[in-house]
Structures are given as structure tokens and as C-alpha cells.
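In what follows, a single structure is set out as C-alpha cells and then discussed.
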Amino acid sequence: MKIERRIKLMIAVAILVMAATAIVPFKTAEKAGQLHAALLESETRIAVIAEAFSLMKDAESGQRGFIITGQESFLEPYYKAVARLEDQEALRRASLPGHAAVDVDRFEGAIQRKLDDLARSIELRRSQGNEAARASVSTGRGKQYMDDIRVEVAAVTAVEQSLRDKLRQESAHYAELAAVTTLAATVIDLFLVAVALHFLFRLLKRHRSTAIELQSLSNELRGGMAELGRRNVELSLLAQMVRTLDSSMSLAETLQSVSVFTARILPGTSGELFLYRNSRNLLEKASQWGEPSDPKDAIEPHECWGLRLGRVHQVQGRDALYCPHHDRRASQDKFLLCLPLSAQGEIIGLITVEAPALQDADAPLAPGRTELATALAEQLALVLSNAKLKEVLKQQSIVDPLTNLFNRRYMDETLSREMSRARRKSCPLSLVMIDIDHFKSVNDRYGHEAGDAVLRAVAGHIKSSVREGDLVCRFGGEEMVILMPECDLQDAGVRAEKLRAGVRALSVDFGGQTIGSVTASFGVACFPFHGTDEASLIAAADKAMYQAKAAGRDRVLLADAPQAAAVA
């Protein structure tokens, strides 16, 4: 009887260890969600202060253009940047209080000093002319104010990067802790099983009549060990998936990794991942794994009971409640799961999982496996929500919101990279500067909203007409730039002429009336013939564009003949 009591004790301890191990994945998932939320807050703070710095650069660019040319139209980015900075002040004050690296009042004061300096130089240009404005700029006050802002931005970015690194380390620590805990529980269970088997063999010698009962008990223990081993593998895969997806650089890369890990975590199944459009009237397929019996490219929200009810929906058998997006005839011998993806109280998508009909506990979607699929959906919802937010923040940081073209900052980075590549490969790089003719008169006659419509129309035409490898950017105001890698001066001129003719053929309607003929002046320069650095190449194209305007507008002019020094 002592041996039997010891065996029962061993079994009870093993069951307790297995139960404790089962809690680890859910606690790890909860902590991972908290770490993801902290990462999102950090990214928001970086985006807010980076946008303020970018707007200051836009304001400075508009002021510089006005001082150089004296044309009021060049102040458009200045006015827009000032208005945007005022609108975003409340958000900055809400995001940055108590930040370890920046004092909000000091940062806002630096911004205001810079704006005041810009306003003074603009007023000097209007009242006393170019020389007085240039003298004001040459004092270096504006640069000092900009340096103050840059120091604040760098300090916040450094602190937030350190915080993000700490959060990632903490996430990795929890994943390792879960794996170590599971491994320790496995070793303990193995030891307990070994001890139990030892006593079992002794008991067999003394009680042959209990052989059937002992065999059943042994089978149960082996089944428990197999289940524990399988859960250990699943936990490791979940932890590996979270680390991999958190390191993805884009939403497309995240979706590709999702297909790979879903097939490994739910072997023997197939399914599809759908994400809501921005309009939220349709879910489009983002990825799939396996071979679904009835694949869909898109589904409507009302076609899924899981989305309607806001919870997991299971389907098996003829009498089950099938979703309209399921083919009842093709799915009668299948077990189906619809798993809504919910992150931060909002449903962002849906996972449909398909497996052979349930017959035993080892089926791909037996009850315990359904819980795993639900846990997987919860993890994916957090990861995909984070990935979409990253995509939005990245898009906002490099794209001009009015024209949907790349902005000046992205153009500067790309031009530097393309010139380095052109030097290495000894190939040409052409730059086309474009300015819409009589744009100020459009604003004066029809209003700024009509001017915005003209900008969008011209930008859309140019973006749709260039080569796939060309880059179209908004340079500032009504000016745009096209980078044409591996395109020489003559070929760039021909392409610019086609674009000019296309712009002239545009018909822009606004407010029920036709604005009229829209034309643009083009200046073309080519590396290395017209400049061996970014500034000189832009200046050459800009000069050619102004010459085109002086010659009557609505034309393409190539930059002056190459200088011998530049060729050398």
C-alpha cells in the first residue's frame, strides 16, 4: 500500500506541474501585450517630435525661398508649417510632459524663437529688401535656434531608442523565462515518471493482478508527457514568432512571416488571413497557408458569424451554423474556425482555419488545439496592429499629404543614395525640376483649395507617367522634382517634354468650373556633368527651370553645357 500511495503522490505532483506549466503561455502573452503597448507609446512620442522638427525645416525652406526670390508664393510651405505647428502644440504638450530628456516649455520656446526669427527676416525682405533680409539671416541666430531644436529632438530620440531596446530585452527575457520554466517542468516530470515507473515495476512483482490498471496508468502518464512536450514546442514557436514579427521591417514582411509560423504552429490545417480595408466595408485576403477548400479574395463583414458576434465561431457537420462565406457542400467533412483579430478593443481582421473533421484527441483542431488557435489569433492581432501603425507612421514621415508624392526630406535622402550609387557604377543620374506656371494667379482667382486641386492633378499625372524606377517628390510650394537613375541628359529631356505636353493637356475642374489650361516649366540637369554633389545638381536644374520661365514658360530647358572642371 505504501508503494501505491507513493505512485499516487508522484502522479499528483506531475499533474500539478503540468497545470502550472499551462499558465506560463497566457501570462507571457499578457506581458507581451503590455510591452507592445509601451512600444507604441514610444513610437508616438518619436513621431510627434520628429514631425515638429520636419515642419520647422519646411518653414525655413519657405522663408529661404522667399528671401531669395521675393515671391510670396514661396511662403506657402512656411504658412502651412506654422499652422501645423500651432495645431500640434497641444499634442506635443500631452505627449512629452515628464519626459526624461526634454522640458516641454523649453522645447516650445525654442520653436517659438525660431518662428519669430523667420517672421522677422520675412518682414525685413518685404519692407527693406533682399540685402537687409540677408544681413538678418547671416547673424546666425536662426541656425542657433534650429540647433537648439535639433538637440532636443536628438535627446528625445536617444532616450526613446534606449527605452525601446529595454522593452525588447524585457520581451526576450520573458520568452526565455517561459522556455526555461517549461523545460524545468519537463525535467521534473521525467524524473517523477522515472520514480513512479520504478515503484510500478516493484508493485508488478508483488501484484500481478493489477497489471492492466498499471498499464492504463502508464499510458496516461505517457500521454501527459507527450502533451507537455507538444505544448513546449508550441510555446517555443509562439515565442519565436513574436520575436520574428516584432523585428519585421514592413507589413508585407510581417504577413509573409505569419503564413510561415501559422503553418508550423497549426500543422495539418489550412486557412486565410483577412484584414479590414481603411473604409472598413470589406476584408481583403492578406495571406494564406495550406490549401483551403474554398479560398476567397475578400469577404464582407456581415458574411461571418465570428465578426458579427465578436468571438470565436466553430463549424462542423451539416446542422452547424455556417457562415455565408463558407461553401457548405465543400466543407461538410471539415472542421472550421473563424477567429476575429481584436487589438485594443477594435477588430482589425479575421483568421479562418480549416482542418479534417474531429475524430480523436490528436486531430489538428481538437479542443486543446482550438485554444492554441485562439491564443495564436490574440498574438497576431497585437503584432499586426503594431505593424500597421508602423506602416502608417513611416508613410506619414516620407509622403506629402496633399500631393501623395514623397516629401523633401525623403528626396534629400534618396538623392544622396542615388548619387553614391551613380558614382560607384559610373552611370548618369538626371534631375528634373518642375514649377507650375502662374500658380499664384490660380490661388488668387479661384482660391487655395483650387490651387491644391491643380497641384494634386499635376502630381498625379507626373507620378503615373514616369518610369517604375523614377522618384517623384514635392520640393516645396508648387515645385516638384523627378530623380531619373541611369538616365542621361538627352533622354531625360525627351521624357520631360512628354510630361510637359501631358500637363498642358490636363483639364482640372473645381467647384463646378474648369480652372483652365495648366502649364509647367521644366529644368533638366544630369550628374556628373552639371554637378558632382546634391546641392550643385539641384541648383543647375533649378537655374534651367527659371530660364524656362524667363523664356516664356511652358517649356523644357536643359542645364547649361558641362563645365570642364565638373567633367574632370
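Naming works like this for the C-alpha cells: A, B, ... for the chains as they're shown, residue 1 at the start of each chain, ligands 1 onward in shown order.
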
Q: Compile the contact shell of region 335-345 of chain A as a VMD selection string: residues with an atom at most 8 Å away, counting only C-alpha atoms, same-chain residues fewer than 4 positions apart removed.
A: chain A and resid 304 to 307 310 to 317 331 349 to 358 365 374 377 to 378 380 to 382 385

Q: Enumerate as a PyMOL selection string all residues of region 336-475 of chain A assigned to strand (DSSP E) by DSSP on the backbone, naming them with the chain letters and numbers the document uses.
A: chain A and resi 336-343+346-356+429-436+471-475

Could you pull the residues within 10 Å of Ser426 (chain A), counting only C-alpha atoms, minus those fewer than 5 positions along the same chain, as a short mmCIF file (atom, residue, chain, number, x, y, z; two decimals) with C-alpha atoms, in the first residue's frame?
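What follows is the written file result_17.cif:
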data_model
loop_
_atom_site.label_atom_id
_atom_site.label_comp_id
_atom_site.auth_asym_id
_atom_site.auth_seq_id
_atom_site.Cartn_x
_atom_site.Cartn_y
_atom_site.Cartn_z
CA MET A 419 24.39 59.85 -56.36
CA SER A 420 26.59 57.46 -54.38
CA ARG A 421 25.30 54.59 -56.50
CA GLU A 486 20.63 55.69 -65.16
CA PHE A 527 25.13 64.06 -62.84
CA PRO A 528 28.10 64.31 -63.15
#

Q. Which residue, A:Leu506, A:Lys463, A:Leu489, A:Leu402, has the smallest gap to His530 (chain A) when you use only C-alpha atoms?
A. A:Leu489

**Q.** Å distance separating CA of Ala492 (chain A) from CA of Asn404 (chain A), one decimal place
**A.**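 About the pair CA of Ala492 (chain A) and CA of Asn404 (chain A): they are 23.0 Å apart.
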
Q: Can you check which residues of region 305-413 of chain A DSSP gives as helix (DSSP H, G or I) on the backbone and send them as a PyMOL selection string?
A: chain A and resi 305-309+367-398+408-413

I need the residues from that last selection saved to file as a short mmCIF file (atom, residue, chain, number, x, y, z; two decimals), in the first residue's frame (with N, CA and C atoms), if you can.
data_model
loop_
_atom_site.label_atom_id
_atom_site.label_comp_id
_atom_site.auth_asym_id
_atom_site.auth_seq_id
_atom_site.Cartn_x
_atom_site.Cartn_y
_atom_site.Cartn_z
N TRP A 305 -20.12 34.98 -38.99
CA TRP A 305 -20.73 34.99 -37.67
C TRP A 305 -19.72 35.37 -36.60
N GLY A 306 -18.45 34.99 -36.79
CA GLY A 306 -17.44 35.37 -35.82
C GLY A 306 -17.30 36.88 -35.69
N LEU A 307 -17.33 37.59 -36.84
CA LEU A 307 -17.24 39.05 -36.81
C LEU A 307 -18.51 39.66 -36.23
N ARG A 308 -19.66 39.08 -36.56
CA ARG A 308 -20.92 39.61 -36.02
C ARG A 308 -20.97 39.48 -34.50
N LEU A 309 -20.56 38.29 -34.00
CA LEU A 309 -20.65 38.02 -32.56
C LEU A 309 -19.45 38.55 -31.79
N PRO A 367 -10.18 19.98 -29.04
CA PRO A 367 -10.47 21.10 -28.12
C PRO A 367 -9.24 21.85 -27.62
N GLY A 368 -8.18 21.13 -27.19
CA GLY A 368 -6.97 21.81 -26.73
C GLY A 368 -6.30 22.60 -27.82
N ARG A 369 -6.37 22.08 -29.06
CA ARG A 369 -5.76 22.76 -30.19
C ARG A 369 -6.55 24.01 -30.56
N THR A 370 -7.85 23.99 -30.33
CA THR A 370 -8.65 25.19 -30.58
C THR A 370 -8.22 26.33 -29.68
N GLU A 371 -7.90 26.00 -28.43
CA GLU A 371 -7.40 27.03 -27.52
C GLU A 371 -6.08 27.60 -28.03
N LEU A 372 -5.22 26.75 -28.59
CA LEU A 372 -3.96 27.22 -29.15
C LEU A 372 -4.23 28.18 -30.32
N ALA A 373 -5.19 27.82 -31.18
CA ALA A 373 -5.52 28.70 -32.30
C ALA A 373 -6.03 30.05 -31.80
N THR A 374 -6.82 30.04 -30.72
CA THR A 374 -7.31 31.30 -30.15
C THR A 374 -6.16 32.14 -29.61
N ALA A 375 -5.21 31.50 -28.90
CA ALA A 375 -4.05 32.23 -28.38
C ALA A 375 -3.21 32.80 -29.52
N LEU A 376 -3.08 32.02 -30.60
CA LEU A 376 -2.34 32.49 -31.78
C LEU A 376 -3.01 33.74 -32.36
N ALA A 377 -4.35 33.71 -32.46
CA ALA A 377 -5.07 34.86 -33.01
C ALA A 377 -4.86 36.10 -32.15
N GLU A 378 -4.83 35.94 -30.83
CA GLU A 378 -4.62 37.09 -29.94
C GLU A 378 -3.24 37.69 -30.16
N GLN A 379 -2.22 36.82 -30.31
CA GLN A 379 -0.86 37.32 -30.55
C GLN A 379 -0.77 38.04 -31.89
N LEU A 380 -1.37 37.43 -32.93
CA LEU A 380 -1.30 38.02 -34.27
C LEU A 380 -2.02 39.37 -34.31
N ALA A 381 -3.11 39.50 -33.57
CA ALA A 381 -3.83 40.78 -33.56
C ALA A 381 -2.93 41.89 -33.05
N LEU A 382 -2.20 41.64 -31.96
CA LEU A 382 -1.30 42.65 -31.42
C LEU A 382 -0.17 42.97 -32.39
N VAL A 383 0.41 41.92 -32.98
CA VAL A 383 1.54 42.12 -33.90
C VAL A 383 1.10 42.89 -35.14
N LEU A 384 -0.03 42.49 -35.72
CA LEU A 384 -0.50 43.15 -36.95
C LEU A 384 -0.91 44.59 -36.67
N SER A 385 -1.52 44.84 -35.52
CA SER A 385 -1.88 46.21 -35.17
C SER A 385 -0.64 47.07 -35.06
N ASN A 386 0.41 46.53 -34.44
CA ASN A 386 1.67 47.26 -34.32
C ASN A 386 2.30 47.49 -35.69
N ALA A 387 2.26 46.45 -36.56
CA ALA A 387 2.85 46.57 -37.90
C ALA A 387 2.13 47.61 -38.74
N LYS A 388 0.77 47.65 -38.63
CA LYS A 388 0.02 48.64 -39.41
C LYS A 388 0.32 50.05 -38.93
N LEU A 389 0.47 50.21 -37.60
CA LEU A 389 0.79 51.53 -37.08
C LEU A 389 2.17 51.97 -37.55
N LYS A 390 3.14 51.04 -37.54
CA LYS A 390 4.47 51.37 -38.05
C LYS A 390 4.40 51.81 -39.50
N GLU A 391 3.59 51.09 -40.30
CA GLU A 391 3.46 51.41 -41.73
C GLU A 391 2.88 52.82 -41.90
N VAL A 392 1.86 53.14 -41.08
CA VAL A 392 1.23 54.46 -41.19
C VAL A 392 2.21 55.56 -40.81
N LEU A 393 2.95 55.36 -39.68
CA LEU A 393 3.91 56.37 -39.24
C LEU A 393 5.03 56.55 -40.26
N LYS A 394 5.49 55.45 -40.85
CA LYS A 394 6.54 55.55 -41.87
C LYS A 394 6.03 56.31 -43.08
N GLN A 395 4.80 55.99 -43.51
CA GLN A 395 4.22 56.67 -44.68
C GLN A 395 4.05 58.16 -44.41
N GLN A 396 3.59 58.52 -43.20
CA GLN A 396 3.38 59.92 -42.87
C GLN A 396 4.70 60.69 -42.83
N SER A 397 5.80 60.00 -42.49
CA SER A 397 7.07 60.69 -42.35
C SER A 397 7.75 60.95 -43.69
N ILE A 398 7.35 60.25 -44.78
CA ILE A 398 8.06 60.42 -46.05
C ILE A 398 7.16 60.88 -47.19
N ARG A 408 10.23 66.45 -49.20
CA ARG A 408 11.58 66.96 -49.43
C ARG A 408 12.62 66.16 -48.64
N ARG A 409 12.30 65.81 -47.42
CA ARG A 409 13.26 65.05 -46.62
C ARG A 409 13.59 63.71 -47.26
N TYR A 410 12.58 63.00 -47.75
CA TYR A 410 12.83 61.71 -48.39
C TYR A 410 13.62 61.91 -49.69
N MET A 411 13.35 63.02 -50.41
CA MET A 411 14.08 63.28 -51.64
C MET A 411 15.57 63.50 -51.34
N ASP A 412 15.87 64.26 -50.27
CA ASP A 412 17.27 64.51 -49.92
C ASP A 412 17.99 63.20 -49.62
N GLU A 413 17.35 62.32 -48.85
CA GLU A 413 17.98 61.03 -48.52
C GLU A 413 18.18 60.19 -49.77
#

Q) Which residues, written as a PyMOL selection string, have at least one atom at most 8 Å from region 109-123 of chain A, with only C-alpha atoms counted and residues fewer than 5 positions away on the same chain left out? A) chain A and resi 56+60+63+66-67+82+133-134+136-137+141-142+145-146+148-149

Q | Point-to-point distance in Å for CA of Tyr322 (chain A) and CA of Leu282 (chain A) | A | 19.3 Å

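If you look at CA of Ile515 (chain A) and CA of Val442 (chain A), they are 7.8 Å away from each other.
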
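Of the residues under consideration (A:Gly62, A:Gly290, A:Pro401, A:Gly511), A:Gly290 shows the shortest atom-to-atom contact distance to Arg264 (chain A) when counting only C-alpha atoms.
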
**Q.** Shell of 7 Å around Leu283 (chain A), only C-alpha atoms, local chain residues under 3 positions omitted, as a PyMOL selection string
**A.** chain A and resi 274-277+298-301+349

Q: Write out as a list in words which residues come within 7 Å of region 150-158 of chain A when counting only C-alpha atoms, dropping same-chain ones fewer than 3 positions away.
A: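 Result of the neighbour search: Ile46, Ile49, Ala50, Ala101, Val102, Phe107, Met146, Asp147, Gln161 and Ser162 of chain A.
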
Now that the selection is made, can you save its residues with C-alpha atoms as a PDB file, in the first residue's frame?
ATOM      1  CA  ILE A  46       9.234  59.962 -31.555  1.00  0.00           C
ATOM      2  CA  ILE A  49       8.753  65.457 -32.035  1.00  0.00           C
ATOM      3  CA  ALA A  50      10.142  64.363 -35.435  1.00  0.00           C
ATOM      4  CA  ALA A 101      15.203  64.126 -21.994  1.00  0.00           C
ATOM      5  CA  VAL A 102      13.232  67.269 -22.761  1.00  0.00           C
ATOM      6  CA  PHE A 107      11.236  72.898 -26.464  1.00  0.00           C
ATOM      7  CA  MET A 146      17.470  75.401 -35.160  1.00  0.00           C
ATOM      8  CA  ASP A 147      20.415  73.754 -33.390  1.00  0.00           C
ATOM      9  CA  GLN A 161      15.546  54.311 -28.556  1.00  0.00           C
ATOM     10  CA  SER A 162      17.083  53.256 -25.248  1.00  0.00           C
TER      11      SER A 162
END
